[in-house]
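Listing of upload.cif; format and content: mmCIF, C-alpha atoms and all ligand atoms.
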data_entry
#
loop_
_atom_site.group_PDB
_atom_site.id
_atom_site.type_symbol
_atom_site.label_atom_id
_atom_site.label_comp_id
_atom_site.auth_asym_id
_atom_site.auth_seq_id
_atom_site.Cartn_x
_atom_site.Cartn_y
_atom_site.Cartn_z
ATOM 1 C CA MET A 1 0.000 0.000 0.000
ATOM 2 C CA SER A 2 2.654 2.525 0.939
ATOM 3 C CA LEU A 3 4.683 1.487 -2.098
ATOM 4 C CA LEU A 4 1.625 2.084 -4.242
ATOM 5 C CA LYS A 5 1.313 5.514 -2.676
ATOM 6 C CA LEU A 6 4.650 6.493 -4.188
ATOM 7 C CA PHE A 7 3.073 6.222 -7.628
ATOM 8 C CA CYS A 8 -0.146 7.931 -6.664
ATOM 9 C CA PRO A 9 -1.000 11.548 -7.447
ATOM 10 C CA VAL A 10 -3.595 13.311 -5.320
ATOM 11 C CA ALA A 11 -5.556 13.847 -8.505
ATOM 12 C CA ARG A 12 -5.565 12.997 -12.157
ATOM 13 C CA VAL A 13 -7.054 15.703 -14.353
ATOM 14 C CA ASP A 14 -7.147 16.539 -18.061
ATOM 15 C CA SER A 15 -4.897 19.574 -18.058
ATOM 16 C CA VAL A 16 -2.998 22.027 -15.877
ATOM 17 C CA LEU A 17 -5.928 24.327 -16.580
ATOM 18 C CA ASP A 18 -7.972 21.993 -14.366
ATOM 19 C CA VAL A 19 -5.732 22.802 -11.422
ATOM 20 C CA PRO A 20 -7.292 26.004 -10.076
ATOM 21 C CA VAL A 21 -4.960 28.568 -8.596
ATOM 22 C CA ALA A 22 -7.427 29.031 -5.735
ATOM 23 C CA TRP A 23 -7.295 25.305 -4.995
ATOM 24 C CA ILE A 24 -3.479 25.338 -4.932
ATOM 25 C CA TYR A 25 -3.393 28.334 -2.652
ATOM 26 C CA SER A 26 -6.177 27.222 -0.331
ATOM 27 C CA ARG A 27 -4.422 23.902 0.275
ATOM 28 C CA GLY A 28 -1.446 25.757 1.638
ATOM 29 C CA PHE A 29 0.847 25.195 -1.315
ATOM 30 C CA ARG A 30 3.312 27.997 -1.957
ATOM 31 C CA GLY A 31 5.526 26.376 -4.565
ATOM 32 C CA VAL A 32 4.581 24.774 -7.890
ATOM 33 C CA VAL A 33 6.888 22.429 -9.797
ATOM 34 C CA LEU A 34 5.945 22.133 -13.450
ATOM 35 C CA ASP A 35 6.910 19.529 -16.009
ATOM 36 C CA VAL A 36 7.311 20.844 -19.562
ATOM 37 C CA ASP A 37 6.703 18.281 -22.288
ATOM 38 C CA ASN A 38 3.091 17.266 -22.724
ATOM 39 C CA THR A 39 2.257 19.204 -19.558
ATOM 40 C CA ILE A 40 2.588 22.880 -20.500
ATOM 41 C CA VAL A 41 3.541 22.448 -24.182
ATOM 42 C CA PRO A 42 2.963 19.619 -26.686
ATOM 43 C CA TRP A 43 5.920 17.220 -26.603
ATOM 44 C CA ASN A 44 9.205 18.684 -27.847
ATOM 45 C CA THR A 45 7.709 21.985 -29.004
ATOM 46 C CA ASP A 46 7.596 25.515 -27.688
ATOM 47 C CA ASP A 47 3.941 25.982 -28.583
ATOM 48 C CA LEU A 48 2.832 27.702 -25.436
ATOM 49 C CA SER A 49 -0.900 28.417 -25.533
ATOM 50 C CA PRO A 50 -2.161 31.789 -24.289
ATOM 51 C CA GLU A 51 -4.397 29.931 -21.832
ATOM 52 C CA ILE A 52 -1.512 28.111 -20.181
ATOM 53 C CA ALA A 53 0.691 31.213 -20.215
ATOM 54 C CA GLN A 54 -2.145 33.019 -18.449
ATOM 55 C CA TRP A 55 -2.569 30.194 -15.945
ATOM 56 C CA VAL A 56 1.122 30.445 -15.030
ATOM 57 C CA GLU A 57 0.739 34.201 -14.773
ATOM 58 C CA SER A 58 -2.145 33.763 -12.341
ATOM 59 C CA LEU A 59 -0.030 31.431 -10.194
ATOM 60 C CA LYS A 60 2.622 34.110 -9.953
ATOM 61 C CA ARG A 61 0.054 36.798 -9.249
ATOM 62 C CA ALA A 62 -1.259 34.679 -6.361
ATOM 63 C CA GLY A 63 2.212 34.863 -4.870
ATOM 64 C CA LEU A 64 3.176 31.278 -5.661
ATOM 65 C CA SER A 65 6.722 30.378 -6.656
ATOM 66 C CA VAL A 66 6.866 28.377 -9.853
ATOM 67 C CA CYS A 67 9.756 26.299 -11.184
ATOM 68 C CA ILE A 68 10.073 24.066 -14.217
ATOM 69 C CA VAL A 69 11.729 20.683 -13.691
ATOM 70 C CA SER A 70 12.334 18.977 -17.024
ATOM 71 C CA ASN A 71 14.098 15.821 -18.179
ATOM 72 C CA SER A 72 14.308 17.093 -21.745
ATOM 73 C CA GLY A 73 17.636 17.134 -23.542
ATOM 74 C CA GLY A 74 16.517 20.328 -25.250
ATOM 75 C CA VAL A 75 17.996 22.564 -22.598
ATOM 76 C CA ARG A 76 17.811 25.787 -24.621
ATOM 77 C CA ARG A 77 14.163 25.211 -25.457
ATOM 78 C CA VAL A 78 13.265 24.654 -21.798
ATOM 79 C CA GLU A 79 15.270 27.682 -20.672
ATOM 80 C CA GLU A 80 13.558 29.848 -23.295
ATOM 81 C CA LEU A 81 10.139 28.673 -22.130
ATOM 82 C CA ALA A 82 10.990 29.440 -18.520
ATOM 83 C CA LYS A 83 12.200 32.871 -19.559
ATOM 84 C CA ARG A 84 9.016 33.576 -21.513
ATOM 85 C CA LEU A 85 6.982 32.590 -18.459
ATOM 86 C CA GLY A 86 9.228 34.473 -16.063
ATOM 87 C CA ILE A 87 9.857 31.438 -13.868
ATOM 88 C CA ASP A 88 12.850 29.394 -12.717
ATOM 89 C CA CYS A 89 13.883 26.113 -14.257
ATOM 90 C CA VAL A 90 15.950 23.037 -13.551
ATOM 91 C CA THR A 91 17.009 21.217 -16.712
ATOM 92 C CA LEU A 92 18.382 17.716 -17.370
ATOM 93 C CA ALA A 93 16.509 16.678 -14.272
ATOM 94 C CA VAL A 94 16.681 12.866 -14.515
ATOM 95 C CA LYS A 95 13.315 12.514 -12.786
ATOM 96 C CA PRO A 96 12.342 10.435 -10.797
ATOM 97 C CA SER A 97 15.647 11.324 -9.133
ATOM 98 C CA LYS A 98 15.104 13.635 -6.176
ATOM 99 C CA ARG A 99 18.042 15.877 -6.954
ATOM 100 C CA ALA A 100 16.347 18.220 -9.424
ATOM 101 C CA PHE A 101 13.296 18.551 -7.197
ATOM 102 C CA ARG A 102 15.570 19.488 -4.326
ATOM 103 C CA MET A 103 17.195 22.128 -6.523
ATOM 104 C CA ALA A 104 13.776 23.486 -7.481
ATOM 105 C CA LEU A 105 12.720 23.730 -3.828
ATOM 106 C CA GLU A 106 15.900 25.623 -3.087
ATOM 107 C CA LYS A 107 15.280 28.055 -5.934
ATOM 108 C CA MET A 108 11.709 28.633 -4.741
ATOM 109 C CA ASN A 109 12.654 28.668 -1.073
ATOM 110 C CA VAL A 110 9.788 26.370 -0.109
ATOM 111 C CA THR A 111 9.512 23.067 1.750
ATOM 112 C CA PRO A 112 8.375 19.788 0.168
ATOM 113 C CA SER A 113 5.073 19.772 2.048
ATOM 114 C CA GLU A 114 4.127 23.217 0.751
ATOM 115 C CA THR A 115 4.862 22.273 -2.851
ATOM 116 C CA ILE A 116 2.702 20.736 -5.527
ATOM 117 C CA GLY A 117 4.246 19.005 -8.537
ATOM 118 C CA ILE A 118 2.318 18.790 -11.791
ATOM 119 C CA GLY A 119 3.231 16.579 -14.730
ATOM 120 C CA ASP A 120 1.995 14.061 -17.290
ATOM 121 C CA GLN A 121 4.060 11.019 -16.324
ATOM 122 C CA MET A 122 3.621 8.715 -13.372
ATOM 123 C CA PHE A 123 7.125 7.262 -13.377
ATOM 124 C CA THR A 124 8.965 10.573 -13.601
ATOM 125 C CA ASP A 125 6.799 13.473 -12.416
ATOM 126 C CA VAL A 126 4.614 11.720 -9.862
ATOM 127 C CA LEU A 127 7.149 9.206 -8.563
ATOM 128 C CA GLY A 128 9.931 11.790 -8.340
ATOM 129 C CA GLY A 129 7.730 14.389 -6.681
ATOM 130 C CA ASN A 130 6.288 11.905 -4.196
ATOM 131 C CA ARG A 131 9.756 10.599 -3.342
ATOM 132 C CA MET A 132 10.767 14.151 -2.525
ATOM 133 C CA GLY A 133 7.709 14.570 -0.301
ATOM 134 C CA LEU A 134 5.686 16.835 -2.577
ATOM 135 C CA SER A 135 2.019 16.420 -3.376
ATOM 136 C CA THR A 136 1.553 15.631 -7.048
ATOM 137 C CA VAL A 137 -1.080 16.015 -9.750
ATOM 138 C CA LEU A 138 -1.062 13.941 -12.924
ATOM 139 C CA VAL A 139 -2.382 15.533 -16.118
ATOM 140 C CA ARG A 140 -3.224 13.782 -19.352
ATOM 141 C CA PRO A 141 -0.495 14.199 -21.989
ATOM 142 C CA MET A 142 -1.319 17.087 -24.352
ATOM 143 C CA VAL A 143 -0.536 15.074 -27.488
ATOM 144 C CA LYS A 144 0.087 11.440 -28.350
ATOM 145 C CA ARG A 145 3.548 12.244 -29.675
ATOM 146 C CA ASP A 146 6.185 11.305 -27.143
ATOM 147 C CA PHE A 147 9.671 9.975 -26.551
ATOM 148 C CA ILE A 148 9.739 6.409 -27.895
ATOM 149 C CA LEU A 149 10.504 4.850 -24.509
ATOM 150 C CA THR A 150 7.729 6.818 -22.884
ATOM 151 C CA LYS A 151 5.222 5.127 -25.164
ATOM 152 C CA PHE A 152 6.124 1.759 -23.646
ATOM 153 C CA VAL A 153 6.075 3.131 -20.139
ATOM 154 C CA ARG A 154 2.557 4.419 -20.777
ATOM 155 C CA LEU A 155 1.344 0.849 -21.108
ATOM 156 C CA VAL A 156 2.463 0.062 -17.566
ATOM 157 C CA GLU A 157 1.181 3.432 -16.408
ATOM 158 C CA ARG A 158 -2.274 2.598 -17.697
ATOM 159 C CA VAL A 159 -2.380 -0.578 -15.600
ATOM 160 C CA MET A 160 -1.195 1.298 -12.512
ATOM 161 C CA LEU A 161 -3.803 4.006 -13.008
ATOM 162 C CA LYS A 162 -6.528 1.359 -13.119
ATOM 163 C CA VAL A 163 -5.344 -0.032 -9.781
ATOM 164 C CA LEU A 164 -5.190 3.405 -8.162
ATOM 165 C CA GLU A 165 -8.603 4.304 -9.542
ATOM 166 C CA LYS A 166 -10.151 1.084 -8.306
ATOM 167 C CA ARG A 167 -8.811 1.716 -4.818
ATOM 168 C CA GLY A 168 -10.120 5.267 -4.849
ATOM 169 C CA MET A 169 -6.657 6.632 -4.136
ATOM 170 C CA MET A 170 -6.894 9.711 -6.348
ATOM 171 C CA VAL A 171 -9.619 12.126 -7.305
ATOM 172 C CA SER A 172 -10.480 13.200 -10.834
ATOM 173 C CA ARG A 173 -11.420 16.743 -10.008
ATOM 174 C CA LEU A 174 -10.001 19.519 -7.891
ATOM 175 C CA GLU A 175 -12.892 21.591 -6.723
ATOM 176 C CA TYR A 176 -12.815 24.961 -5.188
ATOM 177 C CA PRO A 177 -14.413 26.323 -3.106
ATOM 178 C CA ASN A 178 -16.856 23.406 -2.951
ATOM 179 C CA ASP A 179 -15.792 20.589 -0.691
ATOM 180 C CA GLU A 180 -14.963 17.306 -2.364
HETATM 181 MG MG MG A 201 6.179 15.333 -19.615
#
Any chance you could give the structure as structure tokens?
Amino acid sequence: MSLLKLFCPVARVDSVLDVPVAWIYSRGFRGVVLDVDNTIVPWNTDDLSPEIAQWVESLKRAGLSVCIVSNSGGVRRVEELAKRLGIDCVTLAVKPSKRAFRMALEKMNVTPSETIGIGDQMFTDVLGGNRMGLSTVLVRPMVKRDFILTKFVRLVERVMLKVLEKRGMMVSRLEYPNDE
């Protein structure tokens, strides 16, 4: 059970846009760790939608610290995205390793328990964040295109998600201000 918990996000939602700023803030989170590929942009692109740019802006306006943590080898692309969004970034992260998360927490000057990690992959974003003691939210990948290895991992992920769903370990909606 506790091993399973390492793979379990608090919620699985369609998109970062389904993670309300008010929810994040009201739960006491002060730091937000963001994955890049298939979380805030379609895989391996810099196609940042105005909606997501605005969502990040609203996080900052709420006084939250935001930091990208990305495994991508496209360091320049990730750095450019972070710059456009006006947020910090940690590149070449090797998630689920804890190291990059630790660096992100340092940059944001927040503790693990006051930080929420958001990403599209269970075995990097969720596992890494949970290992570091963050709360995590899993979003559906923006596009089907992905790193070739990731496509295989998704098969296992799908099985794991079924198990977690069946056990009622994660919610599918983050409501605010209504109670859930
Ligand atoms: Mg990703």
- Task: Let me have all residues with an atom within 6 Å of ligand MG 201 (chain A), counting only C-alpha atoms and all ligand atoms, laid out as a list in words.
- Result: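 With only C-alpha atoms and all ligand atoms and a cut-off of 6 Å, ligand MG 201 (chain A) is contacted by Asp35, Val36, Asp37, Asn38, Thr39, Gly119, Asp120 and Gln121 of chain A.
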- Message: To test your reading of the syntax: which residues would the PyMOL selection byres (((chain A and resi 145) around 8) and not hetatm) return for the file shown? Reply as a ChimeraX atom specification.
- Response: /A:42-43,143-144,146-147
- Query: Given the file above and the PyMOL selection byres (((chain A and resi 19-32) around 6) and not hetatm), which residues are selected, and can you give them as a ChimeraX atom specification?
  - Reply: /A:16-18,33,59,64-66,114-117,176
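Atom pair CA of Gly133 in chain A / CA of Pro112 in chain A: separated by 5.3 Å.
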- Residues within 10 Å of Val69 in chain A, all atoms listed in the file, excluding chain neighbours under 6 positions, as an MDAnalysis selection string: chainID A and resid 33:36 78 88:95 100:101 103:104 117:119 125
Exercise: range 152-155 of chain A partners within 9 Å, all atoms listed in the file, chain neighbours under 3 positions left out, as a PDB file with C-alpha atoms, keeping the file's coordinate frame:
ATOM      1  CA  GLN A 121       4.060  11.019 -16.324  1.00  0.00           C
ATOM      2  CA  MET A 122       3.621   8.715 -13.372  1.00  0.00           C
ATOM      3  CA  PHE A 123       7.125   7.262 -13.377  1.00  0.00           C
ATOM      4  CA  ILE A 148       9.739   6.409 -27.895  1.00  0.00           C
ATOM      5  CA  LEU A 149      10.504   4.850 -24.509  1.00  0.00           C
ATOM      6  CA  ARG A 158      -2.274   2.598 -17.697  1.00  0.00           C
ATOM      7  CA  VAL A 159      -2.380  -0.578 -15.600  1.00  0.00           C
ATOM      8  CA  MET A 160      -1.195   1.298 -12.512  1.00  0.00           C
TER       9      MET A 160
END
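The interatomic distance for the pair CA of Pro9 in chain A and CA of Lys98 in chain A works out to 16.3 Å.
Our summary of the geometry notes that CA of Met170 in chain A is positioned 24.6 Å from CA of Arg102 in chain A.
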- Message: Could you tell me, as a ChimeraX atom specification, exactly which residues end up selected when the PyMOL selection byres (((chain A and resi 52) around 10) and not hetatm) is applied to this structure?
- Response: /A:15-17,39-41,48-51,53-58,85
- Query: So which one's closest to Met132 in chain A, A:Val163, A:Val156, A:Leu105, A:Ala62? Using all atoms listed in the file, please.
  - Reply: A:Leu105
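Counting all atoms listed in the file, the residue from A:Val139, A:Met108, A:Leu164, A:Leu134 that sits nearest to Leu3 in chain A is A:Leu164.
Across A:Arg84, A:Arg131, A:Lys107, A:Lys151, the tightest approach to Cys67 in chain A is made by A:Lys107 when counting all atoms listed in the file.
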- Query: Closest to Leu6 in chain A among A:Met169, A:Val110, A:Leu127, A:Ala82, using only C-alpha atoms?
  - Reply: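 The closest residue to Leu6 in chain A is A:Leu127.
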For range 2-10 of chain A, I'd like the enclosing box, axis-aligned and padded by 5 Å on every side, reported as JSON with centre and edge lengths in Å to one decimal.
{"center_x": 0.5, "center_y": 7.4, "center_z": -3.3, "size_x": 18.3, "size_y": 21.8, "size_z": 18.6}
- Pick out the closest residue to Asn130 in chain A from this set: A:Ser97, A:Thr150, A:Ser172, A:Asn109. Count all atoms listed in the file. A:Ser97
